[in-house]
Structures are given as C-alpha cells and as structure tokens.
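Content type mmCIF, C-alpha atoms, from the file protein39.cif:
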```cif
data_final
loop_
_atom_site.group_PDB
_atom_site.id
_atom_site.type_symbol
_atom_site.label_atom_id
_atom_site.label_comp_id
_atom_site.auth_asym_id
_atom_site.auth_seq_id
_atom_site.Cartn_x
_atom_site.Cartn_y
_atom_site.Cartn_z
ATOM 1 C CA MET A 1 169.687 98.849 121.427
ATOM 2 C CA LYS A 2 169.643 100.327 117.966
ATOM 3 C CA THR A 3 166.390 102.107 118.754
ATOM 4 C CA LEU A 4 167.915 103.445 121.924
ATOM 5 C CA LEU A 5 170.940 104.767 120.071
ATOM 6 C CA CYS A 6 168.735 106.373 117.459
ATOM 7 C CA ALA A 7 166.596 107.974 120.123
ATOM 8 C CA LEU A 8 169.679 109.192 121.934
ATOM 9 C CA ALA A 9 171.196 110.648 118.786
ATOM 10 C CA LEU A 10 167.908 112.315 117.910
ATOM 11 C CA SER A 11 167.346 113.805 121.342
ATOM 12 C CA THR A 12 170.931 115.042 121.521
ATOM 13 C CA ALA A 13 170.581 116.653 118.134
ATOM 14 C CA LEU A 14 167.284 118.265 119.044
ATOM 15 C CA SER A 15 167.877 119.414 122.575
ATOM 16 C CA GLY A 16 171.240 121.146 122.358
ATOM 17 C CA PRO A 17 172.208 122.182 125.899
ATOM 18 C CA ALA A 18 170.484 119.875 128.390
ATOM 19 C CA LEU A 19 167.552 121.554 130.119
ATOM 20 C CA ALA A 20 166.153 118.438 131.690
ATOM 21 C CA ALA A 21 167.476 115.155 132.903
ATOM 22 C CA PRO A 22 165.874 111.890 133.957
ATOM 23 C CA VAL A 23 166.830 111.314 137.571
ATOM 24 C CA THR A 24 166.291 107.999 139.319
ATOM 25 C CA PHE A 25 165.534 108.079 143.038
ATOM 26 C CA THR A 26 166.059 104.764 144.803
ATOM 27 C CA THR A 27 164.857 104.371 148.372
ATOM 28 C CA ASN A 28 165.544 101.085 150.185
ATOM 29 C CA LEU A 29 163.604 100.554 153.387
ATOM 30 C CA SER A 30 164.993 98.694 156.370
ATOM 31 C CA ASN A 31 163.208 95.736 157.939
ATOM 32 C CA TYR A 32 161.648 97.841 160.685
ATOM 33 C CA GLY A 33 158.919 95.277 161.300
ATOM 34 C CA GLY A 34 155.799 97.319 160.662
ATOM 35 C CA ASP A 35 153.217 98.135 158.022
ATOM 36 C CA GLY A 36 153.958 99.893 154.741
ATOM 37 C CA ALA A 37 155.668 103.271 155.067
ATOM 38 C CA TYR A 38 154.315 106.530 153.731
ATOM 39 C CA LEU A 39 157.092 108.551 152.114
ATOM 40 C CA ALA A 40 156.985 112.156 150.903
ATOM 41 C CA LEU A 41 159.815 113.256 148.592
ATOM 42 C CA TYR A 42 160.009 117.021 148.195
ATOM 43 C CA VAL A 43 162.455 119.818 147.442
ATOM 44 C CA THR A 44 163.410 122.867 149.491
ATOM 45 C CA ASP A 45 165.642 125.772 148.530
ATOM 46 C CA ALA A 46 168.840 126.751 150.347
ATOM 47 C CA SER A 47 166.879 128.597 153.044
ATOM 48 C CA GLY A 48 164.677 125.560 153.694
ATOM 49 C CA ALA A 49 161.608 126.986 151.940
ATOM 50 C CA TYR A 50 159.400 124.360 150.290
ATOM 51 C CA MET A 51 159.626 124.362 146.484
ATOM 52 C CA GLY A 52 157.455 121.415 145.485
ATOM 53 C CA SER A 53 156.846 117.705 145.807
ATOM 54 C CA LEU A 54 158.411 114.970 143.678
ATOM 55 C CA TRP A 55 156.521 111.897 144.918
ATOM 56 C CA MET A 56 154.091 110.703 147.573
ATOM 57 C CA ALA A 57 154.109 106.999 148.439
ATOM 58 C CA GLY A 58 150.773 106.356 150.127
ATOM 59 C CA GLY A 59 147.305 107.364 148.990
ATOM 60 C CA LYS A 60 145.277 108.187 152.095
ATOM 61 C CA ALA A 61 145.219 111.912 152.791
ATOM 62 C CA LYS A 62 144.269 111.463 156.423
ATOM 63 C CA TYR A 63 147.733 110.062 157.169
ATOM 64 C CA TYR A 64 149.608 112.925 155.547
ATOM 65 C CA THR A 65 149.652 114.845 158.853
ATOM 66 C CA HIS A 66 152.212 112.272 160.013
ATOM 67 C CA LEU A 67 154.604 113.387 157.287
ATOM 68 C CA THR A 68 155.051 116.365 159.534
ATOM 69 C CA ASP A 69 157.538 118.575 157.714
ATOM 70 C CA TRP A 70 155.811 118.036 154.358
ATOM 71 C CA HIS A 71 152.439 118.692 155.930
ATOM 72 C CA ARG A 72 153.627 121.879 157.628
ATOM 73 C CA ALA A 73 154.966 123.182 154.314
ATOM 74 C CA THR A 74 151.931 122.304 152.209
ATOM 75 C CA GLY A 75 149.031 122.351 154.652
ATOM 76 C CA GLY A 76 148.327 118.837 153.390
ATOM 77 C CA ASP A 77 147.144 120.177 150.027
ATOM 78 C CA THR A 78 146.631 117.127 147.799
ATOM 79 C CA ALA A 79 146.964 119.325 144.695
ATOM 80 C CA GLU A 80 150.713 119.296 145.489
ATOM 81 C CA ILE A 81 150.849 115.562 144.782
ATOM 82 C CA ASN A 82 148.129 115.203 142.187
ATOM 83 C CA GLY A 83 149.469 112.778 139.570
ATOM 84 C CA ILE A 84 152.581 111.880 141.582
ATOM 85 C CA THR A 85 151.021 109.643 144.212
ATOM 86 C CA GLY A 86 151.587 105.893 144.439
ATOM 87 C CA ALA A 87 151.313 103.059 146.913
ATOM 88 C CA SER A 88 153.007 102.911 150.304
ATOM 89 C CA VAL A 89 156.277 100.968 150.496
ATOM 90 C CA GLY A 90 156.608 97.772 152.530
ATOM 91 C CA ALA A 91 159.357 97.149 155.089
ATOM 92 C CA GLY A 92 162.506 95.861 153.407
ATOM 93 C CA ARG A 93 161.236 96.864 149.979
ATOM 94 C CA GLN A 94 162.483 99.327 147.399
ATOM 95 C CA LEU A 95 160.848 102.354 145.813
ATOM 96 C CA ASN A 96 162.432 103.288 142.496
ATOM 97 C CA ILE A 97 161.163 106.395 140.710
ATOM 98 C CA THR A 98 162.507 107.947 137.536
ATOM 99 C CA LEU A 99 161.496 111.577 137.029
ATOM 100 C CA ASP A 100 162.315 114.026 134.280
ATOM 101 C CA LEU A 101 163.493 117.015 136.292
ATOM 102 C CA SER A 102 164.612 120.514 135.486
ATOM 103 C CA ASP A 103 168.395 120.731 135.232
ATOM 104 C CA ALA A 104 168.300 123.942 137.252
ATOM 105 C CA LEU A 105 167.577 121.896 140.388
ATOM 106 C CA PHE A 106 171.135 120.621 140.599
ATOM 107 C CA ASP A 107 174.127 122.491 142.039
ATOM 108 C CA ALA A 108 171.853 125.403 142.949
ATOM 109 C CA GLY A 109 171.528 124.912 146.705
ATOM 110 C CA TYR A 110 168.346 122.827 146.557
ATOM 111 C CA GLU A 111 167.824 119.957 148.962
ATOM 112 C CA LEU A 112 165.733 116.825 148.687
ATOM 113 C CA HIS A 113 163.839 115.776 151.810
ATOM 114 C CA ILE A 114 162.106 112.492 152.570
ATOM 115 C CA ASP A 115 159.533 112.402 155.382
ATOM 116 C CA ALA A 116 158.535 108.907 156.509
ATOM 117 C CA ALA A 117 155.699 107.583 158.677
ATOM 118 C CA VAL A 118 154.492 104.112 159.639
ATOM 119 C CA GLU A 119 151.267 103.185 161.382
ATOM 120 C CA ASP A 120 151.602 102.940 165.170
ATOM 121 C CA MET A 121 155.292 103.818 164.957
ATOM 122 C CA ARG A 122 157.111 107.123 165.397
ATOM 123 C CA ASP A 123 156.893 109.773 162.702
ATOM 124 C CA SER A 124 160.168 110.512 160.985
ATOM 125 C CA PRO A 125 160.141 113.930 159.278
ATOM 126 C CA SER A 126 163.108 114.817 157.067
ATOM 127 C CA GLU A 127 164.553 111.359 157.639
ATOM 128 C CA VAL A 128 166.757 111.976 154.632
ATOM 129 C CA VAL A 129 167.974 115.451 153.662
ATOM 130 C CA VAL A 130 170.432 115.519 150.791
ATOM 131 C CA PRO A 131 171.764 118.423 148.701
ATOM 132 C CA LEU A 132 170.987 117.999 145.020
ATOM 133 C CA THR A 133 174.380 118.149 143.342
ATOM 134 C CA ARG A 134 175.820 116.342 140.368
ATOM 135 C CA ALA A 135 178.814 115.307 142.493
ATOM 136 C CA GLY A 136 176.506 113.718 145.059
ATOM 137 C CA ALA A 137 174.750 111.490 142.539
ATOM 138 C CA ASN A 138 175.101 107.721 142.973
ATOM 139 C CA THR A 139 176.305 108.123 146.565
ATOM 140 C CA PRO A 140 174.042 106.257 149.028
ATOM 141 C CA VAL A 141 172.849 108.260 152.049
ATOM 142 C CA LYS A 142 171.691 106.500 155.196
ATOM 143 C CA GLY A 143 168.313 107.196 156.751
ATOM 144 C CA ARG A 144 167.602 107.508 160.477
ATOM 145 C CA ARG A 145 164.704 105.177 161.171
ATOM 146 C CA TYR A 146 162.834 103.471 158.326
ATOM 147 C CA ILE A 147 165.067 104.176 155.325
ATOM 148 C CA ARG A 148 168.126 101.948 155.030
ATOM 149 C CA ASP A 149 169.624 104.037 152.247
ATOM 150 C CA PHE A 150 168.716 106.483 149.541
ATOM 151 C CA THR A 151 170.475 107.222 146.248
ATOM 152 C CA TYR A 152 169.741 109.492 143.334
ATOM 153 C CA GLY A 153 171.375 108.833 140.000
ATOM 154 C CA MET A 154 171.580 110.710 136.702
ATOM 155 C CA MET B 1 128.432 98.269 160.258
ATOM 156 C CA LYS B 2 128.715 95.927 163.193
ATOM 157 C CA LYS B 3 132.262 95.031 162.174
ATOM 158 C CA TYR B 4 133.066 98.725 161.995
ATOM 159 C CA LEU B 5 131.714 99.318 165.494
ATOM 160 C CA ILE B 6 133.669 96.405 166.871
ATOM 161 C CA ALA B 7 136.826 97.678 165.210
ATOM 162 C CA THR B 8 136.255 101.169 166.588
ATOM 163 C CA THR B 9 135.616 99.888 170.088
ATOM 164 C CA PHE B 10 138.647 97.658 169.948
ATOM 165 C CA LEU B 11 140.968 100.398 168.770
ATOM 166 C CA ALA B 12 139.603 102.888 171.278
ATOM 167 C CA GLY B 13 139.970 100.213 173.954
ATOM 168 C CA ILE B 14 143.624 99.596 173.378
ATOM 169 C CA GLY B 15 144.266 103.310 173.037
ATOM 170 C CA ALA B 16 145.932 102.837 169.698
ATOM 171 C CA ALA B 17 148.820 105.267 169.466
ATOM 172 C CA GLY B 18 148.346 108.158 167.134
ATOM 173 C CA PHE B 19 145.876 107.982 164.363
ATOM 174 C CA ALA B 20 144.363 104.549 164.050
ATOM 175 C CA LEU B 21 140.872 105.483 165.300
ATOM 176 C CA ALA B 22 138.431 104.495 162.631
ATOM 177 C CA ASP B 23 136.238 107.600 162.880
ATOM 178 C CA ASP B 24 139.067 110.089 162.375
ATOM 179 C CA ASP B 25 137.634 111.213 159.104
ATOM 180 C CA ASP B 26 133.967 111.549 159.985
ATOM 181 C CA CYS B 27 132.339 114.850 159.165
ATOM 182 C CA ASN B 28 130.123 116.602 161.660
ATOM 183 C CA VAL B 29 128.044 119.243 159.919
ATOM 184 C CA ALA B 30 124.415 120.123 160.698
ATOM 185 C CA MET B 31 122.062 119.155 157.861
ATOM 186 C CA SER B 32 120.997 122.789 157.467
ATOM 187 C CA ASN B 33 124.579 123.688 156.548
ATOM 188 C CA TRP B 34 125.021 121.001 153.885
ATOM 189 C CA GLN B 35 125.764 122.186 150.393
ATOM 190 C CA PRO B 36 123.650 120.591 147.625
ATOM 191 C CA ARG B 37 124.891 117.611 145.605
ATOM 192 C CA GLU B 38 125.164 119.851 142.555
ATOM 193 C CA ALA B 39 127.841 121.871 144.379
ATOM 194 C CA VAL B 40 129.793 118.658 145.077
ATOM 195 C CA LYS B 41 129.507 117.645 141.434
ATOM 196 C CA ALA B 42 130.667 121.093 140.304
ATOM 197 C CA MET B 43 133.624 120.947 142.712
ATOM 198 C CA ALA B 44 134.639 117.512 141.362
ATOM 199 C CA GLU B 45 134.304 118.564 137.753
ATOM 200 C CA ALA B 46 136.338 121.708 138.406
ATOM 201 C CA LYS B 47 139.172 119.387 139.472
ATOM 202 C CA GLY B 48 138.844 117.414 136.249
ATOM 203 C CA TRP B 49 137.281 114.371 137.913
ATOM 204 C CA SER B 50 134.547 112.342 136.298
ATOM 205 C CA VAL B 51 131.831 111.525 138.817
ATOM 206 C CA ARG B 52 130.152 108.121 138.814
ATOM 207 C CA ARG B 53 128.289 108.453 142.082
ATOM 208 C CA ILE B 54 127.854 110.845 145.002
ATOM 209 C CA LYS B 55 126.626 109.345 148.252
ATOM 210 C CA THR B 56 126.763 110.179 151.948
ATOM 211 C CA ASP B 57 128.910 108.171 154.331
ATOM 212 C CA ASP B 58 129.984 108.829 157.933
ATOM 213 C CA GLY B 59 128.412 112.271 157.747
ATOM 214 C CA CYS B 60 130.438 113.219 154.675
ATOM 215 C CA TYR B 61 129.752 113.324 150.981
ATOM 216 C CA GLU B 62 131.622 110.564 149.180
ATOM 217 C CA ILE B 63 132.488 110.875 145.500
ATOM 218 C CA ASP B 64 133.209 107.740 143.466
ATOM 219 C CA GLY B 65 134.726 108.300 140.051
ATOM 220 C CA ARG B 66 137.985 108.919 138.242
ATOM 221 C CA ASP B 67 140.556 111.666 138.544
ATOM 222 C CA ALA B 68 141.941 113.696 135.641
ATOM 223 C CA GLN B 69 144.508 110.934 134.978
ATOM 224 C CA GLY B 70 141.800 108.288 134.817
ATOM 225 C CA ARG B 71 142.612 106.605 138.123
ATOM 226 C CA GLU B 72 139.708 105.302 140.188
ATOM 227 C CA ILE B 73 139.160 107.541 143.185
ATOM 228 C CA GLU B 74 136.982 107.602 146.274
ATOM 229 C CA VAL B 75 136.932 111.012 147.928
ATOM 230 C CA LYS B 76 135.271 112.036 151.174
ATOM 231 C CA VAL B 77 134.253 115.673 151.210
ATOM 232 C CA ASP B 78 133.142 117.921 154.071
ATOM 233 C CA PRO B 79 129.492 118.675 153.272
ATOM 234 C CA GLY B 80 129.722 122.239 154.564
ATOM 235 C CA THR B 81 133.027 123.485 153.142
ATOM 236 C CA LEU B 82 133.508 120.867 150.370
ATOM 237 C CA ALA B 83 137.085 120.440 151.600
ATOM 238 C CA ILE B 84 138.631 117.023 150.917
ATOM 239 C CA VAL B 85 138.633 114.937 154.089
ATOM 240 C CA GLU B 86 140.045 111.753 152.608
ATOM 241 C CA MET B 87 141.168 110.715 149.156
ATOM 242 C CA GLU B 88 141.773 107.119 148.196
ATOM 243 C CA TYR B 89 143.033 105.632 144.975
ATOM 244 C CA GLU B 90 141.819 102.272 143.796
ATOM 245 C CA ASP B 91 145.338 100.905 143.885
ATOM 246 C CA ASP B 92 145.626 101.484 147.631
ATOM 247 C CA ASP B 93 144.965 98.694 150.051
ATOM 248 C CA ASP B 94 141.410 98.942 151.236
ATOM 249 C CA ASP B 95 142.190 98.415 154.915
ATOM 250 C CA ASP B 96 141.770 101.345 157.209
ATOM 251 C CA ASP B 97 145.495 101.627 157.716
ATOM 252 C CA TYR B 98 148.674 102.629 155.960
ATOM 253 C CA GLY B 99 148.687 99.712 153.576
ATOM 254 C CA LYS B 100 150.337 96.402 154.217
ATOM 255 C CA SER B 101 153.039 96.706 151.613
ATOM 256 C CA GLY B 102 153.983 98.223 148.334
ATOM 257 C CA ARG B 103 152.577 95.308 146.360
ATOM 258 C CA LYS B 104 150.512 97.525 144.115
ATOM 259 C CA ALA B 105 152.672 100.183 142.555
ATOM 260 C CA ALA B 106 151.151 103.205 140.916
ATOM 261 C CA PRO B 107 150.321 102.577 137.271
ATOM 262 C CA VAL B 108 153.260 103.410 135.051
ATOM 263 C CA GLY B 109 152.854 105.943 132.303
ATOM 264 C CA THR B 110 149.406 107.160 133.353
ATOM 265 C CA LEU B 111 150.640 109.807 135.756
ATOM 266 C CA ALA B 112 151.181 113.479 135.106
ATOM 267 C CA PRO B 113 153.204 115.546 137.559
ATOM 268 C CA PRO B 114 151.902 118.918 138.740
ATOM 269 C CA ASP B 115 153.202 122.110 137.208
ATOM 270 C CA ASN B 116 155.442 123.021 140.158
ATOM 271 C CA GLY B 117 158.517 124.003 138.172
ATOM 272 C CA LEU B 118 160.480 120.916 139.217
ATOM 273 C CA PHE B 119 159.370 118.601 136.428
ATOM 274 C CA THR B 120 159.852 118.830 132.697
ATOM 275 C CA PRO B 121 156.395 119.729 131.374
ATOM 276 C CA GLY B 122 154.670 116.741 129.806
ATOM 277 C CA SER B 123 157.049 114.193 131.331
ATOM 278 C CA LYS B 124 155.759 111.112 133.114
ATOM 279 C CA PRO B 125 157.173 109.482 136.224
ATOM 280 C CA VAL B 126 158.224 105.838 135.968
ATOM 281 C CA VAL B 127 157.747 103.897 139.194
ATOM 282 C CA LYS B 128 158.986 100.459 140.202
ATOM 283 C CA GLN B 129 158.359 98.971 143.589
#
```
Starting from the file, lay out its structure as structure tokens.
Amino acid sequence: MKTLLCALALSTALSGPALAAPVTFTTNLSNYGGDGAYLALYVTDASGAYMGSLWMAGGKAKYYTHLTDWHRATGGDTAEINGITGASVGAGRQLNITLDLSDALFDAGYELHIDAAVEDMRDSPSEVVVPLTRAGANTPVKGRRYIRDFTYGM
Amino acid sequence: MKKYLIATTFLAGIGAAGFALADDDDCNVAMSNWQPREAVKAMAEAKGWSVRRIKTDDGCYEIDGRDAQGREIEVKVDPGTLAIVEMEYEDDDDDDDYGKSGRKAAPVGTLAPPDNGLFTPGSKPVVKQ
C-alpha cells in the first residue's frame, strides 16, 4: 500500500495534466453453449472510420474474416494486432484487459466496437458499440448474442 | 495424415457451416512460382521474428520461431506472395478450431501494443481471463 501511495504521488508529481489513463475493459460472455469466442476490440471515430485495435482474443488469422466489421476495416492485417493478441474466451468466462490509453480518446466522439465470432455459430459484428466517454465509465452495456455485458472503467 | 484426411472427409460430409474445413488455409502455387527460402527468412526477419525452422506444409511455407515479443509462433506463408496465410501463437489451443476456452491467457507483461496512436507508447497491456 505504501509503495502504491509513493508511486501515485510520484506519478502525479511527474505527469502534471493527465495525458494517459489505465482503462480496464471487462467483457463477460454468456453461456451460449459453444466453443471459445473470438473477440476484436477496436476504436472508430465519430464518422465510423476505423482508428485502431485495442485487443484481439483469438490467435488464428484464418478466423478473423468472421469478425466481419473488423476485417472489413483492416483487411485482416495482423500488424494491427501485433502484440495485443491473446487467447479466445470461453462461454460464460470473463476477459479483463487493462490498457494504458491516450486521454484524448475520451469525450471526443470515439466509439469502441466489439466484434464476436464462435465456431459453427453466427457471426456477430459490432455486437457492442459504446461511445467512449468519462460519464459512461463503469456502466455495463448488454451485448446482442455472445456477450452478456461489457464495462469499461477508469 | 490419415487422421487429417478422415477429419477433412468428415467435415466435408456434414457440410460444416462456415469455415471449419480443414484445408481452408492450404496454398496452391506452382513450384516454378515459389520464392526461395532465403526470401521467407528475410521476410520473417524484417518483421522482427527469429526463425528456428522453415519447412513446407500443405503447399505453404511454414515458419517456426518467435515473434518480436518473444512469443512462440507458427506462421504459414504463401510461397508465391509471402503473404501470411495463418499465424498461430504457442498459447493457442492446437485444435483446428476456435479454441475450446480461454484457459490460456496471453502472457502478462510480455506484450507491446502497436503504435496506432491509441496506446501510451511503451505501455503494456495486462490481461486476466
């Protein structure tokens, strides 16, 4: 605890106005009764144009076509998710990612999308679309098909 | 090989919806159009990968090695264009499917996000699943 306080005091002293913030993205999957889900988390601007990816759950590139909106935006380019790719997420399980993101992403019209896909089940592009705002933090958003709820917290 | 054939026949037989056919990722390039192994090695090294072995599999080149973050990778490459056909990380399930669950999370603290303007440079994602 003391270390934490010291670190906090130090970082506050050093950083001045906050330019970055750790943001935790929590995705709870429903018990849809299938194999592990592939999830693509990515950001678009206010006009819907793709800005970049935040996380890819699922490592096999040949399945990325089923994350249809993400794939359309990126052409399936794995360089977009190099270093931010992890395992697929099982039914009923939770994916919890903490990322250090640019502060400019919030309250600036950006939206977070989650595409989901499960083997032998229907693709679910943009299953979650949520505006990135400070006011919207810690408010769970329901998904349509595979995602029970999604929350981002700062 | 026999197991593979049986699996392929079975999946084709039941008309598995979508993408489950086992030979989805096969390459089909005439030998005369294959690029040399040195070109594959150069392509891998340009991406920051360390190459342990290059072999041919299902008509593709297959690179075994590590990516720039040190994770074990197995990458199938089109022998004509050197485009990536399939990329697998060691921590994926090895079945030819989506993965049975999220049992094996990505290693924490060994990842480096791309420079896409969204992340704080030098920061590392922390993943729990």
Counting only C-alpha atoms, which residues from chain A have an atom at most 6 Å from any atom of chain B, and could you show them as a list in words? Asp35, Gly36, Gly52, Gly59, Lys60, Ala61, Lys62, Gly83, Ile84, Gly86, Ala87, Ser88, Val89, Gly90, Gln94, Leu95, Asn96, Ile97, Thr98, Leu99, Asp100, Leu101, Ser102 and Asp120 of chain A
Check which residues satisfy the PyMOL selection byres ((chain B and resi 49-60) around 10) in the file shown, then give them as a VMD selection string. chain B and resid 23 25 to 31 34 37 to 38 40 to 48 61 to 80 82 84 to 86
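Between atom CA of Val43 of chain A and atom CA of Asn82 of chain A there is a distance of 15.9 Å.
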On this structure, which residues satisfy the PyMOL selection byres ((chain A and resi 116) around 9), written as a PyMOL selection string? chain A and resi 37-40+66-68+114-115+117-118+123-128+145-147
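With all atoms listed in the file as the basis for measurement, A:Ala108 is the residue among A:Ala108, A:Val141, A:Ala91, A:Ala21 that approaches Ser47 of chain A most closely.
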Can you list what the PyMOL selection byres ((chain A and resi 136) around 12) grabs from this structure, as a PyMOL selection string? chain A and resi 106-107+111-112+130-135+137-141+150-154
The centre and edge lengths of an axis-aligned box containing all atoms of segment 28-37 of chain A present in the file, extended by 4 Å on each side, are to be given in Å to one decimal, as lines of an AutoDock Vina configuration file.
```
center_x = 159.4
center_y = 99.3
center_z = 155.7
size_x = 20.3
size_y = 16.0
size_z = 19.1
```
Between atom CA of Val23 of chain A and atom CA of Asp103 of chain A, distance in Å (one decimal): 9.8 Å
Which neighbours of Gly75 of chain A fall inside 9 Å, counting only C-alpha atoms, when residues of the same chain fewer than 4 positions from it are skipped, and could you give them as a CSV table (one decimal) with C-alpha atoms, in the coordinates of the input?
```csv
chain,number,residue,atom,x,y,z
A,65,THR,CA,149.7,114.8,158.9
A,70,TRP,CA,155.8,118.0,154.4
A,71,HIS,CA,152.4,118.7,155.9
```
Copy segment 64-73 of chain A out of the block into a file, keeping all heavy atoms, as a compact mmCIF listing (two decimals), in the first residue's frame.
```txt
# COMPACT_ATOMS: atom_id res chain seq x y z
N TYR A 64 -10.24 -14.65 -38.64
CA TYR A 64 -10.50 -13.22 -38.48
C TYR A 64 -11.53 -12.70 -39.49
O TYR A 64 -12.15 -11.66 -39.26
CB TYR A 64 -9.20 -12.41 -38.58
CG TYR A 64 -8.22 -12.66 -37.44
CD1 TYR A 64 -6.90 -12.28 -37.55
CD2 TYR A 64 -8.63 -13.27 -36.26
CE1 TYR A 64 -5.99 -12.51 -36.52
CE2 TYR A 64 -7.74 -13.51 -35.22
CZ TYR A 64 -6.42 -13.12 -35.37
OH TYR A 64 -5.53 -13.35 -34.34
N THR A 65 -11.72 -13.41 -40.59
CA THR A 65 -12.75 -12.98 -41.56
C THR A 65 -14.13 -12.98 -40.91
O THR A 65 -15.03 -12.28 -41.36
CB THR A 65 -12.80 -13.89 -42.78
OG1 THR A 65 -12.95 -15.23 -42.33
CG2 THR A 65 -11.54 -13.79 -43.62
N HIS A 66 -14.30 -13.79 -39.86
CA HIS A 66 -15.62 -13.88 -39.21
C HIS A 66 -15.87 -12.73 -38.25
O HIS A 66 -16.99 -12.56 -37.77
CB HIS A 66 -15.76 -15.23 -38.51
CG HIS A 66 -15.75 -16.36 -39.51
ND1 HIS A 66 -16.89 -16.78 -40.15
CD2 HIS A 66 -14.74 -17.07 -40.03
CE1 HIS A 66 -16.57 -17.74 -41.00
NE2 HIS A 66 -15.27 -17.93 -40.95
N LEU A 67 -14.82 -11.96 -37.96
CA LEU A 67 -15.01 -10.72 -37.21
C LEU A 67 -15.22 -9.66 -38.29
O LEU A 67 -14.32 -8.90 -38.64
CB LEU A 67 -13.78 -10.46 -36.34
CG LEU A 67 -13.51 -11.59 -35.32
CD1 LEU A 67 -12.09 -11.51 -34.79
CD2 LEU A 67 -14.52 -11.53 -34.18
N THR A 68 -16.41 -9.67 -38.87
CA THR A 68 -16.60 -9.07 -40.19
C THR A 68 -16.34 -7.57 -40.27
O THR A 68 -15.73 -7.11 -41.22
CB THR A 68 -18.00 -9.40 -40.75
OG1 THR A 68 -18.93 -9.41 -39.68
CG2 THR A 68 -18.03 -10.75 -41.41
N ASP A 69 -16.81 -6.83 -39.29
CA ASP A 69 -16.59 -5.37 -39.36
C ASP A 69 -15.11 -5.04 -39.18
O ASP A 69 -14.55 -4.21 -39.90
CB ASP A 69 -17.42 -4.64 -38.29
CG ASP A 69 -18.89 -4.55 -38.68
OD1 ASP A 69 -19.23 -4.95 -39.82
OD2 ASP A 69 -19.69 -4.10 -37.84
N TRP A 70 -14.48 -5.74 -38.22
CA TRP A 70 -13.03 -5.51 -38.01
C TRP A 70 -12.26 -5.89 -39.27
O TRP A 70 -11.36 -5.16 -39.70
CB TRP A 70 -12.54 -6.34 -36.81
CG TRP A 70 -11.07 -6.17 -36.55
CD1 TRP A 70 -10.49 -5.20 -35.77
CD2 TRP A 70 -10.00 -6.96 -37.07
NE1 TRP A 70 -9.13 -5.35 -35.79
CE2 TRP A 70 -8.79 -6.42 -36.57
CE3 TRP A 70 -9.92 -8.08 -37.91
CZ2 TRP A 70 -7.53 -6.95 -36.88
CZ3 TRP A 70 -8.68 -8.62 -38.22
CH2 TRP A 70 -7.51 -8.05 -37.71
N HIS A 71 -12.64 -7.00 -39.87
CA HIS A 71 -11.91 -7.49 -41.03
C HIS A 71 -12.10 -6.54 -42.22
O HIS A 71 -11.16 -6.29 -42.98
CB HIS A 71 -12.38 -8.90 -41.39
CG HIS A 71 -11.44 -9.62 -42.30
ND1 HIS A 71 -11.57 -9.56 -43.67
CD2 HIS A 71 -10.34 -10.36 -42.05
CE1 HIS A 71 -10.58 -10.27 -44.21
NE2 HIS A 71 -9.83 -10.76 -43.26
N ARG A 72 -13.30 -6.01 -42.37
CA ARG A 72 -13.55 -5.07 -43.47
C ARG A 72 -12.68 -3.82 -43.29
O ARG A 72 -12.13 -3.28 -44.25
CB ARG A 72 -15.03 -4.69 -43.50
CG ARG A 72 -15.45 -3.97 -44.78
CD ARG A 72 -16.93 -3.64 -44.78
NE ARG A 72 -17.76 -4.80 -44.62
CZ ARG A 72 -18.62 -4.99 -43.62
NH1 ARG A 72 -18.75 -4.07 -42.68
NH2 ARG A 72 -19.34 -6.08 -43.54
N ALA A 73 -12.55 -3.37 -42.06
CA ALA A 73 -11.79 -2.14 -41.79
C ALA A 73 -10.29 -2.34 -41.96
O ALA A 73 -9.58 -1.43 -42.37
CB ALA A 73 -12.10 -1.65 -40.38
```
